[in-house]
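For reference, my_file-v6.tsv is printed below; it contains TSV, C-alpha atoms.
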chain	number	residue	atom	x	y	z
Q	1	MET	CA	-15.78	-28.32	-2.33
Q	2	THR	CA	-17.54	-26.82	-5.33
Q	3	VAL	CA	-18.61	-23.80	-3.28
Q	4	ARG	CA	-16.04	-21.67	-1.42
Q	5	VAL	CA	-17.13	-19.59	1.56
Q	6	GLU	CA	-14.99	-16.86	3.09
Q	7	SER	CA	-16.08	-14.20	5.55
Q	8	GLU	CA	-14.74	-10.94	6.98
Q	9	ASP	CA	-16.29	-7.92	8.71
Q	10	GLY	CA	-19.77	-9.40	8.64
Q	11	VAL	CA	-19.69	-10.22	4.90
Q	12	ALA	CA	-19.55	-13.78	3.55
Q	13	LEU	CA	-18.16	-14.33	0.05
Q	14	VAL	CA	-19.72	-17.37	-1.61
Q	15	THR	CA	-17.96	-18.50	-4.80
Q	16	LEU	CA	-19.24	-21.15	-7.20
Q	17	ASP	CA	-15.95	-22.91	-7.83
Q	18	ARG	CA	-16.31	-25.04	-10.96
Q	19	PRO	CA	-14.75	-22.79	-13.61
Q	20	GLU	CA	-13.92	-25.76	-15.85
Q	21	ARG	CA	-17.71	-26.37	-16.11
Q	22	HIS	CA	-18.64	-22.66	-16.35
Q	23	ASN	CA	-19.71	-22.93	-12.69
Q	24	ALA	CA	-22.64	-25.13	-13.64
Q	25	ILE	CA	-24.47	-26.60	-10.67
Q	26	ASP	CA	-24.29	-30.35	-10.14
Q	27	LEU	CA	-26.02	-32.15	-7.27
Q	28	GLU	CA	-23.03	-31.69	-4.97
Q	29	THR	CA	-22.91	-27.95	-5.63
Q	30	ALA	CA	-26.66	-27.67	-5.04
Q	31	ALA	CA	-26.29	-29.40	-1.67
Q	32	GLU	CA	-23.38	-27.16	-0.68
Q	33	LEU	CA	-25.32	-24.01	-1.57
Q	34	ARG	CA	-28.28	-25.14	0.52
Q	35	CYS	CA	-25.93	-25.90	3.40
Q	36	ALA	CA	-24.25	-22.48	3.15
Q	37	TRP	CA	-27.52	-20.54	3.15
Q	38	ARG	CA	-28.86	-22.53	6.10
Q	39	GLU	CA	-25.68	-22.02	8.07
Q	40	PHE	CA	-25.77	-18.26	7.49
Q	41	ARG	CA	-29.19	-18.15	9.16
Q	42	MET	CA	-27.58	-19.34	12.39
Q	43	THR	CA	-24.35	-17.32	12.14
Q	44	ASP	CA	-24.58	-13.86	13.68
Q	45	ASP	CA	-21.12	-13.00	12.35
Q	46	VAL	CA	-22.52	-13.04	8.80
Q	47	ARG	CA	-24.81	-10.08	8.13
Q	48	ALA	CA	-24.54	-9.79	4.31
Q	49	VAL	CA	-23.42	-12.07	1.48
Q	50	VAL	CA	-21.68	-11.60	-1.87
Q	51	LEU	CA	-22.30	-14.38	-4.40
Q	52	THR	CA	-20.03	-14.83	-7.44
Q	53	GLY	CA	-18.49	-17.41	-9.76
Q	54	ALA	CA	-14.86	-18.46	-10.10
Q	55	GLY	CA	-12.95	-17.29	-13.17
Q	56	ASP	CA	-14.00	-14.70	-15.71
Q	57	ARG	CA	-15.87	-16.81	-18.27
Q	58	ALA	CA	-19.08	-17.46	-16.35
Q	59	PHE	CA	-20.99	-16.58	-13.22
Q	60	CYS	CA	-23.11	-19.71	-13.59
Q	61	THR	CA	-24.62	-21.62	-16.50
Q	62	GLY	CA	-27.35	-23.39	-14.56
Q	63	LEU	CA	-27.77	-27.11	-14.03
Q	64	ASP	CA	-24.83	-29.22	-15.18
Q	65	ARG	CA	-26.13	-31.32	-18.06
Q	66	SER	CA	-24.12	-34.28	-16.80
Q	67	ALA	CA	-26.13	-34.35	-13.55
Q	68	ASP	CA	-28.43	-37.37	-13.27
Q	69	VAL	CA	-31.77	-36.21	-11.86
Q	70	PRO	CA	-34.31	-39.09	-11.87
Q	71	GLN	CA	-37.87	-37.94	-12.42
Q	72	PRO	CA	-41.14	-39.38	-11.12
Q	73	SER	CA	-43.39	-40.94	-13.75
Q	74	SER	CA	-46.31	-38.69	-12.79
Q	75	PRO	CA	-46.74	-35.56	-14.96
Q	76	TYR	CA	-47.90	-33.75	-11.83
Q	77	ALA	CA	-44.53	-33.96	-10.08
Q	78	ILE	CA	-41.09	-32.69	-11.14
Q	79	ASP	CA	-37.86	-33.00	-9.17
Q	80	ASP	CA	-35.78	-29.87	-9.74
Q	81	PRO	CA	-32.58	-29.68	-7.66
Q	82	LEU	CA	-32.27	-25.95	-8.36
Q	83	LEU	CA	-35.52	-25.03	-6.63
Q	84	THR	CA	-33.75	-24.91	-3.27
Q	85	VAL	CA	-30.34	-23.46	-4.22
Q	86	GLY	CA	-31.36	-19.84	-3.65
Q	87	PRO	CA	-31.13	-17.99	-0.34
Q	88	LYS	CA	-34.84	-17.19	-0.04
Q	89	ALA	CA	-35.79	-20.82	-0.71
Q	90	CYS	CA	-33.60	-21.65	2.31
Q	91	ASP	CA	-35.28	-18.96	4.43
Q	92	LEU	CA	-32.23	-16.68	4.50
Q	93	TRP	CA	-33.26	-13.03	4.77
Q	94	LYS	CA	-29.82	-11.51	5.12
Q	95	PRO	CA	-29.08	-9.45	1.99
Q	96	VAL	CA	-27.30	-11.14	-0.94
Q	97	VAL	CA	-25.42	-9.13	-3.56
Q	98	ALA	CA	-24.63	-11.02	-6.79
Q	99	ALA	CA	-21.34	-10.16	-8.50
Q	100	VAL	CA	-21.84	-11.35	-12.08
Q	101	ASN	CA	-18.78	-12.13	-14.18
Q	102	GLY	CA	-19.11	-13.56	-17.68
Q	103	MET	CA	-22.12	-15.67	-18.70
Q	104	ALA	CA	-25.19	-15.92	-16.51
Q	105	CYS	CA	-27.81	-18.11	-18.10
Q	106	GLY	CA	-30.60	-20.59	-17.52
Q	107	GLY	CA	-30.53	-21.97	-14.00
Q	108	ALA	CA	-28.30	-19.10	-12.86
Q	109	PHE	CA	-31.55	-17.14	-12.62
Q	110	TYR	CA	-32.61	-19.23	-9.62
Q	111	LEU	CA	-29.73	-17.53	-7.78
Q	112	LEU	CA	-30.00	-14.09	-9.37
Q	113	GLY	CA	-33.75	-14.04	-8.85
Q	114	GLU	CA	-33.26	-14.46	-5.10
Q	115	SER	CA	-30.47	-11.89	-4.71
Q	116	GLU	CA	-31.27	-8.38	-3.51
Q	117	PHE	CA	-29.41	-6.70	-6.35
Q	118	LEU	CA	-26.79	-7.39	-9.03
Q	119	ILE	CA	-23.45	-5.78	-9.81
Q	120	ALA	CA	-22.01	-6.84	-13.16
Q	121	SER	CA	-18.66	-6.86	-14.85
Q	122	GLU	CA	-18.55	-5.08	-18.21
Q	123	THR	CA	-18.06	-8.54	-19.75
Q	124	ALA	CA	-21.19	-10.05	-18.18
Q	125	THR	CA	-23.94	-11.36	-20.45
Q	126	PHE	CA	-27.38	-12.78	-19.68
Q	127	PHE	CA	-29.42	-15.26	-21.73
Q	128	ASP	CA	-31.84	-18.16	-21.35
Q	129	PRO	CA	-31.20	-21.20	-23.58
Q	130	HIS	CA	-34.27	-23.25	-22.64
Q	131	THR	CA	-36.46	-22.82	-25.71
Q	132	THR	CA	-33.54	-23.52	-28.05
Q	133	TYR	CA	-33.22	-26.99	-26.56
Q	134	GLY	CA	-36.92	-27.79	-26.35
Q	135	MET	CA	-37.47	-26.87	-22.71
Q	136	VAL	CA	-39.96	-24.55	-21.06
Q	137	SER	CA	-38.42	-21.56	-19.30
Q	138	ALA	CA	-40.75	-21.42	-16.30
Q	139	TYR	CA	-38.99	-20.91	-12.98
Q	140	GLU	CA	-36.25	-18.89	-14.67
Q	141	ALA	CA	-38.66	-16.61	-16.53
Q	142	ILE	CA	-40.85	-16.16	-13.45
Q	143	GLY	CA	-37.84	-15.16	-11.38
Q	144	MET	CA	-36.62	-12.67	-13.95
Q	145	ALA	CA	-40.13	-11.27	-14.48
Q	146	GLN	CA	-39.84	-9.89	-10.95
Q	147	ARG	CA	-36.71	-7.95	-11.93
Q	148	MET	CA	-37.12	-7.01	-15.61
Q	149	PRO	CA	-39.74	-5.29	-17.77
Q	150	PHE	CA	-42.21	-7.76	-19.28
Q	151	GLY	CA	-41.04	-7.27	-22.86
Q	152	GLU	CA	-37.39	-7.74	-21.93
Q	153	VAL	CA	-37.87	-10.99	-20.01
Q	154	ALA	CA	-40.19	-12.30	-22.74
Q	155	ARG	CA	-37.61	-11.52	-25.42
Q	156	MET	CA	-34.73	-13.07	-23.46
Q	157	SER	CA	-36.74	-16.19	-22.65
Q	158	LEU	CA	-37.95	-16.68	-26.23
Q	159	MET	CA	-34.76	-15.83	-28.13
Q	160	GLY	CA	-32.82	-18.64	-26.46
Q	161	THR	CA	-29.17	-18.90	-27.45
Q	162	ALA	CA	-29.54	-16.55	-30.43
Q	163	GLU	CA	-29.22	-13.41	-28.32
Q	164	ARG	CA	-27.45	-12.26	-25.17
Q	165	LEU	CA	-28.17	-9.28	-22.99
Q	166	SER	CA	-25.09	-7.16	-22.36
Q	167	ALA	CA	-24.23	-5.74	-18.95
Q	168	THR	CA	-24.92	-2.26	-20.29
Q	169	ARG	CA	-28.40	-3.18	-21.51
Q	170	ALA	CA	-29.08	-5.10	-18.28
Q	171	CYS	CA	-28.27	-1.94	-16.34
Q	172	GLU	CA	-30.51	0.19	-18.58
Q	173	ILE	CA	-33.53	-2.00	-17.85
Q	174	GLY	CA	-32.88	-2.29	-14.13
Q	175	LEU	CA	-31.71	-5.91	-13.92
Q	176	VAL	CA	-28.24	-4.72	-12.89
Q	177	SER	CA	-27.66	-1.82	-10.50
Q	178	GLU	CA	-24.01	-1.11	-11.40
Q	179	VAL	CA	-21.54	-2.05	-14.15
Q	180	VAL	CA	-17.83	-2.05	-13.33
Q	181	PRO	CA	-14.56	-3.12	-15.01
Q	182	PRO	CA	-13.83	-6.84	-14.58
Q	183	ASP	CA	-10.96	-6.27	-12.17
Q	184	GLY	CA	-13.15	-4.11	-9.95
Q	185	LEU	CA	-16.15	-6.42	-9.68
Q	186	LEU	CA	-15.49	-8.09	-6.34
Q	187	GLU	CA	-14.26	-4.86	-4.79
Q	188	ALA	CA	-17.48	-3.09	-5.77
Q	189	ALA	CA	-19.70	-5.89	-4.48
Q	190	LEU	CA	-17.80	-6.30	-1.21
Q	191	ARG	CA	-17.86	-2.54	-0.66
Q	192	VAL	CA	-21.65	-2.25	-0.76
Q	193	ALA	CA	-22.11	-5.48	1.20
Q	194	SER	CA	-19.78	-4.14	3.90
Q	195	VAL	CA	-21.87	-0.99	4.21
Q	196	VAL	CA	-25.06	-3.01	4.63
Q	197	ALA	CA	-23.35	-5.39	7.08
Q	198	SER	CA	-22.36	-2.43	9.24
Q	199	TYR	CA	-26.01	-1.55	9.92
Q	200	PRO	CA	-28.18	-3.22	12.60
Q	201	THR	CA	-29.01	-6.60	11.12
Q	202	GLU	CA	-32.56	-6.67	12.54
Q	203	ALA	CA	-33.47	-3.53	10.57
Q	204	VAL	CA	-31.71	-4.79	7.44
Q	205	GLN	CA	-33.43	-8.19	7.48
Q	206	GLY	CA	-36.80	-6.56	8.13
Q	207	THR	CA	-36.27	-4.29	5.15
Q	208	VAL	CA	-35.33	-7.25	2.93
Q	209	ARG	CA	-38.52	-9.03	3.91
Q	210	ALA	CA	-40.61	-5.91	3.37
Q	211	VAL	CA	-39.25	-5.44	-0.16
Q	212	TRP	CA	-39.84	-9.09	-0.99
Q	213	SER	CA	-43.37	-9.06	0.41
Q	214	ALA	CA	-44.29	-6.40	-2.14
Q	215	ARG	CA	-44.05	-8.93	-4.96
Q	216	GLU	CA	-44.35	-12.28	-3.23
Q	217	ALA	CA	-48.05	-12.92	-3.89
Q	218	ALA	CA	-47.73	-12.72	-7.67
Q	219	ARG	CA	-44.51	-14.76	-7.62
Q	220	THR	CA	-46.02	-17.50	-5.45
Q	221	GLN	CA	-49.05	-17.82	-7.71
Q	222	ALA	CA	-46.90	-17.99	-10.83
Q	223	LEU	CA	-44.56	-20.61	-9.36
Q	224	ALA	CA	-47.49	-22.85	-8.49
Q	225	GLY	CA	-48.25	-23.34	-12.18
Q	226	ALA	CA	-44.65	-23.82	-13.32
Q	227	PRO	CA	-44.40	-27.64	-12.88
Q	228	HIS	CA	-47.44	-28.24	-15.08
Q	229	LEU	CA	-46.14	-25.98	-17.85
Q	230	ILE	CA	-42.80	-27.79	-17.79
Q	231	ALA	CA	-44.43	-31.24	-17.85
Q	232	LEU	CA	-46.58	-30.26	-20.83
Q	233	GLY	CA	-44.01	-28.32	-22.84
Q	234	ASN	CA	-40.64	-30.03	-22.36
Q	235	LEU	CA	-39.42	-32.35	-25.09
Q	236	PRO	CA	-38.35	-35.86	-24.02
Q	237	PRO	CA	-34.75	-35.90	-22.69
Q	238	GLU	CA	-33.37	-37.68	-25.75
Q	239	ARG	CA	-34.75	-35.00	-28.07
Q	240	GLN	CA	-33.35	-32.28	-25.81
Q	241	ALA	CA	-29.96	-34.00	-25.94
Q	242	GLY	CA	-30.09	-34.09	-29.74
Q	243	LEU	CA	-30.77	-30.36	-29.93
Q	244	PHE	CA	-27.99	-29.66	-27.44
Q	245	ALA	CA	-25.50	-31.78	-29.40
Q	246	ALA	CA	-26.36	-29.92	-32.61
Q	247	ARG	CA	-26.13	-26.48	-31.02
Q	248	GLY	CA	-24.44	-23.64	-32.85
Q	249	HIS	CA	-22.30	-20.90	-31.39
Q	250	GLU	CA	-23.56	-17.82	-33.22
Q	251	PHE	CA	-25.35	-15.20	-31.17
Q	252	ARG	CA	-26.01	-11.48	-31.09
Q	253	THR	CA	-25.27	-9.35	-28.04
Q	254	ARG	CA	-27.46	-6.33	-27.50

For this file, write the structure as C-alpha cells.
Amino acid sequence: MTVRVESEDGVALVTLDRPERHNAIDLETAAELRCAWREFRMTDDVRAVVLTGAGDRAFCTGLDRSADVPQPSSPYAIDDPLLTVGPKACDLWKPVVAAVNGMACGGAFYLLGESEFLIASETATFFDPHTTYGMVSAYEAIGMAQRMPFGEVARMSLMGTAERLSATRACEIGLVSEVVPPDGLLEAALRVASVVASYPTEAVQGTVRAVWSAREAARTQALAGAPHLIALGNLPPERQAGLFAARGHEFRTR
C-alpha cells in the first residue's frame, strides 16, 4: 500500500506513504487515493478526513516522474492520472483537512486544491516547478487560483523552482489557515477534524457544498481550457527530461 488509511472517532487519517520518493504519486498511489475517497462516500463512520504525507521532507511532490503515462496522439486529448486523485473529483463532500509537512509542489496542488483548508508545519514550503521544466502549469495554477491572491499564484507558477513559499507567507496570504511546530502538525489537524466530525454530517456536507458552489462556475470554465493550453505549451517529453536532468538546487524561500 502506498496510501495508509486509519480512522477513529469519525476521522479518517489518509497518509501518502512513499517517503523515499517524497510521496510522489505513481499510478498505484493514484488508484488507491481514488479508492479511498470513493469508499469514504459509503462509510458513515467517516465524517471528516485528514490528509498528510509520511516523513518530514515532503507532503507530496506531484506525479512520480518514473510513472509511464501513455498519451493519445490527438492534441485535443490528454490523459492525466492526477485529475481524479482529489476528493471532490471523486464526489466526496465530507470535509478534508490537509496537514502539510515539508515540500508541497506541482501535482500536490490537485490534492490541496480540493481540501477544505490547510494546516502547515513551520517547515512546509510550496512551489510549482512546471515552467522550469518546460511544462504548462494549468490544473495546478487553476486550483491554487481559487485559494490564493492572483499575484501570488501567478508569481509561484511562473518562478518555478527558483522560489518557494514559506509556511509563514502561505498563512499571510490565506493559503494556510494555521502554522504549527512540526511535532504538533498531526495533533492540530486531527483536533479540528474531530470537532467537525462531531457535528451532524448532513449539515457539514451541505456547508461544504455551499462553500464550493460559490466558486465552482469559474473553476469549471477554467478547467475546460486547461488541456488545450497544456497541449500547446508543453515541450516534448525528451526536452522536459533534459531540463529535469540539468536541474539546479538553488532557490529562495520567501

Neighbour list for segment 140-150 of chain Q as an NGL selection string, cut-off 8 Å, only C-alpha atoms, skip fewer than 4 positions in-chain
:Q and (106-107 or 109-110 or 113-114 or 154 or 157 or 173-175 or 215 or 219 or 222-223)

Extract, using all atoms listed in the file, all DNA, RNA and protein residues at most 8 Å from segment 183-189 of chain Q, discarding same-chain residues fewer than 3 positions from it, and format them as a ChimeraX atom specification.
/Q:50,97-101,119-121,180,192-193

For atom CA of Asn23 of chain Q and atom CA of Cys60 of chain Q, quote the distance in Å rounded to one decimal.
4.8 Å

Any idea what the distance is between atom CA of His249 of chain Q and atom CA of Met159 of chain Q?
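Atom CA of Met159 of chain Q lies 13.8 Å from atom CA of His249 of chain Q.
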
Contact residues around Ala231 of chain Q with only C-alpha atoms at 9 Å, ignoring same-chain residues under 5 positions, as a compact mmCIF listing (two decimals) with C-alpha atoms, in the frame of the given file:
# COMPACT_ATOMS: atom_id res chain seq x y z
CA PRO Q 75 -46.74 -35.56 -14.96
CA TYR Q 76 -47.90 -33.75 -11.83
CA ALA Q 77 -44.53 -33.96 -10.08
CA ILE Q 78 -41.09 -32.69 -11.14
CA VAL Q 136 -39.96 -24.55 -21.06
CA ALA Q 226 -44.65 -23.82 -13.32

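The coordinates place atom CA of Glu122 of chain Q at 13.1 Å from atom CA of Glu172 of chain Q.
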
From the options Q:Thr161, Q:Ser177, Q:Thr125, Q:Thr52, which residue's atoms come nearest to Val3 of chain Q, counting only C-alpha atoms?
Q:Thr52

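The closest residue to Gly53 of chain Q, picked from Q:Asp91, Q:Trp37, Q:Leu112, Q:Ala67 and counting all atoms listed in the file, is Q:Leu112.
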
Taking (-35.2, -32.6, -26.2) in the file's coordinates, which residues come within 12 Å, counting all atoms listed in the file, written as a PDB file with C-alpha atoms, keeping the file's coordinate frame?
ATOM      1  CA  HIS Q 130     -34.270 -23.250 -22.640  1.00  0.00           C
ATOM      2  CA  THR Q 131     -36.460 -22.820 -25.710  1.00  0.00           C
ATOM      3  CA  THR Q 132     -33.540 -23.520 -28.050  1.00  0.00           C
ATOM      4  CA  TYR Q 133     -33.220 -26.990 -26.560  1.00  0.00           C
ATOM      5  CA  GLY Q 134     -36.920 -27.790 -26.350  1.00  0.00           C
ATOM      6  CA  MET Q 135     -37.470 -26.870 -22.710  1.00  0.00           C
ATOM      7  CA  VAL Q 136     -39.960 -24.550 -21.060  1.00  0.00           C
ATOM      8  CA  GLY Q 233     -44.010 -28.320 -22.840  1.00  0.00           C
ATOM      9  CA  ASN Q 234     -40.640 -30.030 -22.360  1.00  0.00           C
ATOM     10  CA  LEU Q 235     -39.420 -32.350 -25.090  1.00  0.00           C
ATOM     11  CA  PRO Q 236     -38.350 -35.860 -24.020  1.00  0.00           C
ATOM     12  CA  PRO Q 237     -34.750 -35.900 -22.690  1.00  0.00           C
ATOM     13  CA  GLU Q 238     -33.370 -37.680 -25.750  1.00  0.00           C
ATOM     14  CA  ARG Q 239     -34.750 -35.000 -28.070  1.00  0.00           C
ATOM     15  CA  GLN Q 240     -33.350 -32.280 -25.810  1.00  0.00           C
ATOM     16  CA  ALA Q 241     -29.960 -34.000 -25.940  1.00  0.00           C
ATOM     17  CA  GLY Q 242     -30.090 -34.090 -29.740  1.00  0.00           C
ATOM     18  CA  LEU Q 243     -30.770 -30.360 -29.930  1.00  0.00           C
ATOM     19  CA  PHE Q 244     -27.990 -29.660 -27.440  1.00  0.00           C
ATOM     20  CA  ALA Q 245     -25.500 -31.780 -29.400  1.00  0.00           C
ATOM     21  CA  ALA Q 246     -26.360 -29.920 -32.610  1.00  0.00           C
ATOM     22  CA  ARG Q 247     -26.130 -26.480 -31.020  1.00  0.00           C
TER      23      ARG Q 247
END

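Using all atoms listed in the file, the protein and nucleic acid residues lying no more than 10 Å from Glu20 of chain Q, apart from those fewer than 5 places from it along its own chain, are Ala54, Gly55, Arg57 and Ala58 of chain Q.
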
Residue contacts of Glu163 of chain Q (10 Å, only C-alpha atoms) excluding same-chain residues fewer than 4 positions away, as an MDAnalysis selection string
chainID Q and resid 125:129 155:159 250:254

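Distance annotation: of Q:Leu92, Q:Ala104, Q:Val5, Q:Ile230, the residue with the minimal separation from Met42 of chain Q is Q:Leu92; atom set is all atoms listed in the file.
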
For Thr123 of chain Q, which of Q:Ser137, Q:Thr84, Q:Ser73, Q:Thr168 is the closest residue, counting only C-alpha atoms?
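Ranked by minimum distance to Thr123 of chain Q, first place goes to Q:Thr168.
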
With only C-alpha atoms as the atoms that count, which of Q:Val211, Q:Cys90, Q:Ile25, Q:Ala138 lies nearest to Val153 of chain Q?
Q:Ala138

Output as a tab-separated table (two decimals), keeping the file's coordinate frame: segment 124-154 of chain Q, completed with N, CA and C atoms.
chain	number	residue	atom	x	y	z
Q	124	ALA	N	-20.07	-9.17	-18.51
Q	124	ALA	CA	-21.19	-10.05	-18.18
Q	124	ALA	C	-22.23	-10.07	-19.29
Q	125	THR	N	-22.82	-11.23	-19.51
Q	125	THR	CA	-23.94	-11.36	-20.45
Q	125	THR	C	-25.00	-12.26	-19.82
Q	126	PHE	N	-26.24	-12.05	-20.24
Q	126	PHE	CA	-27.38	-12.78	-19.68
Q	126	PHE	C	-28.19	-13.37	-20.83
Q	127	PHE	N	-28.55	-14.66	-20.73
Q	127	PHE	CA	-29.42	-15.26	-21.73
Q	127	PHE	C	-30.06	-16.52	-21.16
Q	128	ASP	N	-31.11	-16.99	-21.82
Q	128	ASP	CA	-31.84	-18.16	-21.35
Q	128	ASP	C	-31.97	-19.16	-22.49
Q	129	PRO	N	-31.25	-20.27	-22.45
Q	129	PRO	CA	-31.20	-21.20	-23.58
Q	129	PRO	C	-32.35	-22.19	-23.66
Q	130	HIS	N	-33.30	-22.16	-22.76
Q	130	HIS	CA	-34.27	-23.25	-22.64
Q	130	HIS	C	-35.02	-23.56	-23.94
Q	131	THR	N	-35.62	-22.53	-24.55
Q	131	THR	CA	-36.46	-22.82	-25.71
Q	131	THR	C	-35.65	-23.39	-26.87
Q	132	THR	N	-34.39	-22.99	-26.99
Q	132	THR	CA	-33.54	-23.52	-28.05
Q	132	THR	C	-33.43	-25.03	-27.98
Q	133	TYR	N	-33.42	-25.55	-26.77
Q	133	TYR	CA	-33.22	-26.99	-26.56
Q	133	TYR	C	-34.51	-27.72	-26.20
Q	134	GLY	N	-35.65	-27.10	-26.52
Q	134	GLY	CA	-36.92	-27.79	-26.35
Q	134	GLY	C	-37.40	-27.88	-24.92
Q	135	MET	N	-37.04	-26.89	-24.10
Q	135	MET	CA	-37.47	-26.87	-22.71
Q	135	MET	C	-38.25	-25.60	-22.41
Q	136	VAL	N	-39.19	-25.71	-21.49
Q	136	VAL	CA	-39.96	-24.55	-21.06
Q	136	VAL	C	-39.13	-23.74	-20.07
Q	137	SER	N	-39.02	-22.46	-20.29
Q	137	SER	CA	-38.42	-21.56	-19.30
Q	137	SER	C	-39.55	-21.11	-18.39
Q	138	ALA	N	-39.66	-21.73	-17.22
Q	138	ALA	CA	-40.75	-21.42	-16.30
Q	138	ALA	C	-40.21	-20.74	-15.05
Q	139	TYR	N	-39.52	-21.50	-14.21
Q	139	TYR	CA	-38.99	-20.91	-12.98
Q	139	TYR	C	-38.03	-19.76	-13.28
Q	140	GLU	N	-37.22	-19.93	-14.32
Q	140	GLU	CA	-36.25	-18.89	-14.67
Q	140	GLU	C	-36.97	-17.61	-15.11
Q	141	ALA	N	-37.93	-17.78	-16.01
Q	141	ALA	CA	-38.66	-16.61	-16.53
Q	141	ALA	C	-39.47	-15.93	-15.43
Q	142	ILE	N	-40.07	-16.73	-14.55
Q	142	ILE	CA	-40.85	-16.16	-13.45
Q	142	ILE	C	-39.95	-15.35	-12.53
Q	143	GLY	N	-38.77	-15.89	-12.23
Q	143	GLY	CA	-37.84	-15.16	-11.38
Q	143	GLY	C	-37.40	-13.85	-12.00
Q	144	MET	N	-37.09	-13.88	-13.28
Q	144	MET	CA	-36.62	-12.67	-13.95
Q	144	MET	C	-37.76	-11.67	-14.20
Q	145	ALA	N	-39.00	-12.17	-14.27
Q	145	ALA	CA	-40.13	-11.27	-14.48
Q	145	ALA	C	-40.35	-10.37	-13.27
Q	146	GLN	N	-39.76	-10.75	-12.13
Q	146	GLN	CA	-39.84	-9.89	-10.95
Q	146	GLN	C	-38.80	-8.78	-11.00
Q	147	ARG	N	-37.83	-8.88	-11.91
Q	147	ARG	CA	-36.71	-7.95	-11.93
Q	147	ARG	C	-36.59	-7.16	-13.23
Q	148	MET	N	-37.28	-7.60	-14.29
Q	148	MET	CA	-37.12	-7.01	-15.61
Q	148	MET	C	-38.47	-6.61	-16.17
Q	149	PRO	N	-38.50	-5.61	-17.06
Q	149	PRO	CA	-39.74	-5.29	-17.77
Q	149	PRO	C	-40.26	-6.50	-18.54
Q	150	PHE	N	-41.58	-6.59	-18.66
Q	150	PHE	CA	-42.21	-7.76	-19.28
Q	150	PHE	C	-41.62	-8.06	-20.66
Q	151	GLY	N	-41.52	-7.04	-21.50
Q	151	GLY	CA	-41.04	-7.27	-22.86
Q	151	GLY	C	-39.61	-7.77	-22.90
Q	152	GLU	N	-38.79	-7.32	-21.95
Q	152	GLU	CA	-37.39	-7.74	-21.93
Q	152	GLU	C	-37.26	-9.20	-21.49
Q	153	VAL	N	-37.98	-9.59	-20.45
Q	153	VAL	CA	-37.87	-10.99	-20.01
Q	153	VAL	C	-38.51	-11.92	-21.03
Q	154	ALA	N	-39.58	-11.48	-21.69
Q	154	ALA	CA	-40.19	-12.30	-22.74
Q	154	ALA	C	-39.21	-12.49	-23.90
